[in-house]
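Q: My file is coords_13.cif. It has mmCIF, C-alpha atoms:
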data_data
#
loop_
_atom_site.label_atom_id
_atom_site.label_comp_id
_atom_site.auth_asym_id
_atom_site.auth_seq_id
_atom_site.Cartn_x
_atom_site.Cartn_y
_atom_site.Cartn_z
CA ILE A 1 -17.69 1.56 35.45
CA VAL A 2 -21.34 2.09 36.38
CA ALA A 3 -23.40 1.24 39.44
CA SER A 4 -27.07 0.50 39.82
CA SER A 5 -29.41 0.99 42.73
CA SER A 6 -33.04 0.32 43.64
CA PHE A 7 -32.89 3.15 46.22
CA GLN A 8 -34.28 1.26 49.17
CA THR A 9 -33.00 1.12 52.73
CA GLN A 10 -30.43 -1.59 52.04
CA SER A 11 -29.07 0.50 49.14
CA VAL A 12 -27.98 3.40 51.33
CA PRO A 13 -24.53 2.17 52.53
CA LEU A 14 -23.24 1.47 49.01
CA LEU A 15 -24.56 4.80 47.75
CA HIS A 16 -22.89 6.55 50.70
CA ILE A 17 -19.58 4.82 49.91
CA ILE A 18 -19.85 5.78 46.22
CA SER A 19 -20.50 9.39 47.20
CA ARG A 20 -17.30 9.47 49.27
CA VAL A 21 -15.01 7.47 46.98
CA CYS A 22 -16.13 8.16 43.39
CA PRO A 23 -19.12 10.54 43.31
CA GLU A 24 -18.82 10.94 39.54
CA MET A 25 -19.70 7.27 38.95
CA PRO A 26 -23.01 6.95 37.08
CA VAL A 27 -25.66 5.31 39.26
CA ILE A 28 -28.40 3.76 37.14
CA PHE A 29 -31.97 3.87 38.41
CA LEU A 30 -34.57 1.77 36.58
CA ASP A 31 -37.79 3.77 36.47
CA THR A 32 -40.20 0.96 35.62
CA GLY A 33 -43.24 3.19 35.96
CA TYR A 34 -44.52 1.01 38.81
CA HIS A 35 -42.49 2.35 41.75
CA PHE A 36 -44.00 3.61 44.96
CA PRO A 37 -43.99 7.44 45.00
CA GLU A 38 -41.99 7.15 48.21
CA THR A 39 -39.19 5.36 46.32
CA LEU A 40 -38.91 8.18 43.80
CA ALA A 41 -38.89 10.72 46.62
CA PHE A 42 -36.18 8.75 48.46
CA ARG A 43 -34.10 8.60 45.29
CA ASP A 44 -34.29 12.38 44.96
CA GLU A 45 -33.46 12.84 48.64
CA LEU A 46 -30.34 10.68 48.40
CA LYS A 47 -29.28 12.33 45.15
CA ALA A 48 -29.33 15.73 46.84
CA ARG A 49 -27.81 14.53 50.10
CA PHE A 50 -24.96 12.52 48.54
CA ASN A 51 -24.55 14.54 45.32
CA LEU A 52 -24.97 11.37 43.26
CA ASN A 53 -24.65 11.17 39.48
CA ILE A 54 -27.96 9.39 38.86
CA VAL A 55 -28.89 8.18 35.38
CA VAL A 56 -32.59 7.33 35.04
CA ILE A 57 -33.50 4.75 32.41
CA GLN A 58 -36.92 3.48 31.39
CA PRO A 59 -38.31 0.50 29.48
CA THR A 60 -38.32 0.79 25.71
CA ILE A 61 -42.05 0.00 25.74
CA THR A 62 -44.35 2.50 27.43
CA LYS A 63 -47.00 1.53 29.96
CA SER A 64 -49.75 2.27 27.43
CA GLU A 65 -48.03 0.13 24.79
CA SER A 66 -47.58 -2.66 27.31
CA LEU A 67 -51.24 -2.45 28.27
CA GLN A 68 -52.30 -2.59 24.63
CA ARG A 69 -50.06 -5.59 23.87
CA TYR A 70 -50.34 -7.63 27.08
CA GLY A 71 -53.47 -6.37 28.78
CA GLU A 72 -53.76 -5.51 32.46
CA ALA A 73 -51.88 -7.11 35.36
CA LEU A 74 -49.09 -8.74 33.36
CA TYR A 75 -47.12 -8.63 36.63
CA ARG A 76 -49.65 -11.10 38.06
CA ARG A 77 -50.13 -13.39 35.05
CA ASP A 78 -46.48 -13.56 33.96
CA PRO A 79 -44.18 -11.79 36.45
CA ASP A 80 -41.00 -13.07 34.75
CA LEU A 81 -42.02 -11.50 31.44
CA CYS A 82 -43.06 -8.29 33.20
CA CYS A 83 -39.68 -8.03 34.93
CA TYR A 84 -37.85 -8.77 31.69
CA ILE A 85 -39.68 -5.99 29.82
CA ASN A 86 -39.44 -3.39 32.57
CA LYS A 87 -36.10 -4.23 34.21
CA VAL A 88 -33.84 -6.72 32.47
CA SER A 89 -34.16 -5.49 28.90
CA PRO A 90 -33.50 -1.79 29.68
CA MET A 91 -30.64 -2.71 32.02
CA LYS A 92 -29.02 -4.85 29.31
CA TRP A 93 -29.03 -1.78 27.08
CA ALA A 94 -27.85 0.56 29.85
CA VAL A 95 -24.75 -1.47 30.77
CA SER A 96 -23.91 -2.66 27.25
CA TRP A 97 -21.25 0.05 26.86
CA ALA A 98 -19.76 -0.38 30.35
CA GLN A 99 -16.68 -2.40 31.26
CA ALA A 100 -17.92 -3.10 34.80
CA TRP A 101 -21.21 -2.92 36.69
CA VAL A 102 -21.36 -2.45 40.48
CA SER A 103 -24.43 -3.58 42.43
CA GLY A 104 -25.21 -4.00 46.12
CA VAL A 105 -26.54 -7.58 46.20
CA ARG A 106 -25.70 -9.74 49.24
CA ARG A 107 -25.34 -13.46 49.79
CA ASP A 108 -27.82 -13.46 52.68
CA GLN A 109 -30.68 -12.23 50.47
CA THR A 110 -31.56 -15.21 48.22
CA ALA A 111 -30.36 -18.69 47.35
CA ARG A 112 -29.28 -17.49 43.92
CA ARG A 113 -27.17 -14.68 45.38
CA ARG A 114 -25.31 -17.13 47.61
CA THR A 115 -23.71 -18.49 44.41
CA LEU A 116 -22.38 -15.13 43.23
CA ARG A 117 -18.77 -13.96 43.47
CA VAL A 118 -17.45 -10.51 44.32
CA PHE A 119 -15.91 -10.26 40.85
CA ASP A 120 -18.10 -12.12 38.36
CA LEU A 121 -16.81 -12.19 34.79
CA GLN A 122 -19.64 -12.64 32.31
CA ALA A 123 -19.51 -14.40 28.96
CA ASP A 124 -21.80 -11.68 27.63
CA GLY A 125 -21.84 -8.27 29.27
CA PRO A 126 -19.65 -6.26 31.67
CA LEU A 127 -17.70 -7.56 34.65
CA ARG A 128 -20.12 -7.63 37.57
CA ILE A 129 -18.76 -6.35 40.88
CA HIS A 130 -20.59 -7.09 44.15
CA PRO A 131 -18.72 -5.18 46.89
CA MET A 132 -21.42 -5.82 49.52
CA LEU A 133 -21.71 -9.54 48.81
CA ASN A 134 -20.35 -10.68 52.18
CA TRP A 135 -22.16 -8.03 54.21
CA THR A 136 -25.13 -9.08 56.33
CA GLU A 137 -28.35 -7.31 57.18
CA ASP A 138 -26.79 -6.47 60.56
CA ASP A 139 -23.76 -4.94 58.79
CA ILE A 140 -26.07 -2.75 56.72
CA ARG A 141 -27.91 -1.59 59.83
CA ALA A 142 -24.68 -0.91 61.73
CA TYR A 143 -23.27 1.17 58.87
CA ARG A 144 -26.47 3.22 58.62
CA GLU A 145 -26.42 3.91 62.34
CA MET A 146 -22.71 4.78 62.33
CA TYR A 147 -23.23 7.52 59.75
CA ASP A 148 -26.80 8.44 60.77
CA LEU A 149 -28.14 7.59 57.31
CA PRO A 150 -31.84 7.69 56.37
CA VAL A 151 -34.17 4.79 55.64
CA HIS A 152 -36.79 4.40 52.91
CA PRO A 153 -40.02 6.21 53.89
CA LEU A 154 -41.92 2.88 53.93
CA TYR A 155 -39.32 0.98 55.96
CA HIS A 156 -41.00 1.47 59.33
CA LEU A 157 -44.31 0.32 57.81
CA GLY A 158 -42.80 -3.10 57.20
CA TYR A 159 -41.46 -2.63 53.68
CA VAL A 160 -38.01 -4.08 54.37
CA SER A 161 -37.35 -4.92 50.72
CA VAL A 162 -39.00 -2.61 48.18
CA GLY A 163 -39.58 -3.24 44.49
CA CYS A 164 -42.41 -2.29 42.16
CA ALA A 165 -45.59 -1.42 44.05
CA PRO A 166 -47.86 -4.15 42.60
CA CYS A 167 -45.40 -6.89 43.61
CA THR A 168 -44.37 -5.65 47.08
CA ARG A 169 -46.12 -5.97 50.43
CA PRO A 170 -45.01 -5.37 54.02
CA VAL A 171 -43.03 -8.10 55.77
CA PHE A 172 -44.71 -9.55 58.83
CA PHE A 173 -43.10 -10.54 62.11
CA GLY A 174 -40.96 -13.66 61.76
CA GLU A 175 -40.81 -13.55 57.96
CA ASP A 176 -37.70 -13.36 55.82
CA ALA A 177 -36.66 -9.84 54.82
CA ARG A 178 -37.62 -10.50 51.18
CA ALA A 179 -40.89 -12.29 51.94
CA GLY A 180 -42.81 -9.26 50.74
CA ARG A 181 -41.52 -9.57 47.17
CA TRP A 182 -43.73 -11.57 44.76
CA SER A 183 -45.31 -13.15 47.84
CA ASP A 184 -48.09 -14.88 45.88
CA SER A 185 -45.60 -16.82 43.72
CA GLU A 186 -42.35 -18.78 43.93
CA LYS A 187 -40.47 -15.94 42.24
CA THR A 188 -37.56 -14.51 44.28
CA GLU A 189 -35.55 -12.52 41.70
CA CYS A 190 -36.49 -9.88 39.16
CA GLY A 191 -33.91 -11.33 36.78
CA LEU A 192 -31.22 -8.65 36.85
CA HIS A 193 -28.88 -11.00 38.70
CA LEU A 194 -29.75 -14.14 36.74
CA GLU A 195 -28.84 -15.28 33.24
CA TRP A 196 -30.34 -12.79 30.82
CA ASN A 197 -32.46 -15.18 28.79
CA GLU A 198 -35.58 -13.63 27.31
CA PRO A 199 -38.70 -15.50 28.52
CA SER A 200 -41.28 -16.75 26.05
CA GLU A 201 -44.26 -14.49 25.67
CA GLU A 202 -47.74 -15.63 26.68
CA GLY A 203 -49.23 -18.08 24.24
CA GLU A 204 -45.91 -19.06 22.67
#
So, in terms of structure tokens, how does the structure I just supplied come out?
A:
Amino acid sequence: IVASSSFQTQSVPLLHIISRVCPEMPVIFLDTGYHFPETLAFRDELKARFNLNIVVIQPTITKSESLQRYGEALYRRDPDLCCYINKVSPMKWAVSWAQAWVSGVRRDQTARRRTLRVFDLQADGPLRIHPMLNWTEDDIRAYREMYDLPVHPLYHLGYVSVGCAPCTRPVFFGEDARAGRWSDSEKTECGLHLEWNEPSEEGE
């Protein structure tokens, strides 16, 4: 069994639970090469604080190779392809040997996640386990406050949901918690929690 985490504020309760129940569990972190420096620092802080067994994985294609093949700002021209290259493809490889994969997604985050189940058996890939699925944003906050847990360094600057830096902006008053993700498009998911179908490349 493996877990994965994006190491943002909403990730902290599940990571805290893992550290108390099964600290030896591998926790996969996708280093896309586009993270905020604050995210990497927060990952290292939580690793030390919780004594987590973090496994860092990276895309099979380097940033320079991606730039040579796709040019600049692929995340803007074709965000689905960018997410597939930098997130979905390496995660498929990382969990291919696992029997089960634990992640901290919640039903109150996106329309797609409202359709998930706590135990989600896949036709292709490991059993997906979503232990936080029925938690709410208020539950996450209450748990953090109960155990005096830290928040992402950018949280108080409005970064309620944090992904790759080029595709994340602060959330403004009255907006949904994930409004800062891919805000200039209709995209709401990176693809990790969707069907893993490889998108067509530009021009195909």
Q: Find the residues around range 153-161 of chain A up to 10 Å (only C-alpha atoms counted), leave out those fewer than 2 positions away in its own chain, and share them as a PyMOL selection string.
A: chain A and resi 6+8-10+36-39+41-42+109+150-151+163+168-173+176-181
Q: Would you mind listing what lies within 10 Å of Lys92 in chain A as number ranges by chain, with only C-alpha atoms counted and same-chain residues fewer than 6 positions away left out?
A: A: 84, 125-126, 192, 196
Q: Find the residue from A:His35, A:Lys87, A:Arg117, A:His16 that sits nearest to Val162 in chain A; use only C-alpha atoms when measuring.
A: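 Comparing A:His35, A:Lys87, A:Arg117, A:His16 against Val162 in chain A, the winner is A:His35.
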Q: Please list as a PDB file with C-alpha atoms, keeping the file's coordinate frame every residue within 12 Å of Ile61 in chain A, counting all atoms listed in the file and excluding residues in the same chain fewer than 5 positions away.
A:
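To be explicit, this is the file written out as around13.pdb:
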ATOM      1  CA  THR A  32     -40.200   0.960  35.620  1.00  0.00           C
ATOM      2  CA  GLY A  33     -43.240   3.190  35.960  1.00  0.00           C
ATOM      3  CA  SER A  66     -47.580  -2.660  27.310  1.00  0.00           C
ATOM      4  CA  LEU A  67     -51.240  -2.450  28.270  1.00  0.00           C
ATOM      5  CA  GLN A  68     -52.300  -2.590  24.630  1.00  0.00           C
ATOM      6  CA  ARG A  69     -50.060  -5.590  23.870  1.00  0.00           C
ATOM      7  CA  TYR A  70     -50.340  -7.630  27.080  1.00  0.00           C
ATOM      8  CA  CYS A  82     -43.060  -8.290  33.200  1.00  0.00           C
ATOM      9  CA  TYR A  84     -37.850  -8.770  31.690  1.00  0.00           C
ATOM     10  CA  ILE A  85     -39.680  -5.990  29.820  1.00  0.00           C
ATOM     11  CA  ASN A  86     -39.440  -3.390  32.570  1.00  0.00           C
ATOM     12  CA  LYS A  87     -36.100  -4.230  34.210  1.00  0.00           C
ATOM     13  CA  SER A  89     -34.160  -5.490  28.900  1.00  0.00           C
ATOM     14  CA  PRO A  90     -33.500  -1.790  29.680  1.00  0.00           C
TER      15      PRO A  90
END
Q: Could you tell me how far CA of Trp101 in chain A lies from CA of Leu121 in chain A, in Å and to one decimal?
A: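 These two atoms are separated by 10.4 Å.
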Q: Counting all atoms listed in the file, note down every residue that has an atom within 12 Å of the point (-30.3, -21.6, 42.6) (file coordinates), as a list in words.
A: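 Output: Arg107, Thr110, Ala111, Arg112, Arg113, Arg114, Thr115, Leu116, Lys187, Thr188, Glu189, His193, Leu194 and Glu195 of chain A.
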Q: So the first atom is CA of Pro23 in chain A and the second is CA of Val88 in chain A; what is the distance between them in Å, to one decimal place?
A: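 Going from CA of Pro23 in chain A over to CA of Val88 in chain A, I get 25.1 Å.
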Q: Hey, can you pull every residue with an atom no more than 6 Å from (-26.4, 1.1, 43.0), using only C-alpha atoms, and send it as a compact mmCIF listing (two decimals) with C-alpha atoms, in the frame of the given file?
A:
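Written file, part36.txt:
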# COMPACT_ATOMS: atom_id res chain seq x y z
CA ALA A 3 -23.40 1.24 39.44
CA SER A 4 -27.07 0.50 39.82
CA SER A 5 -29.41 0.99 42.73
CA VAL A 27 -25.66 5.31 39.26
CA SER A 103 -24.43 -3.58 42.43
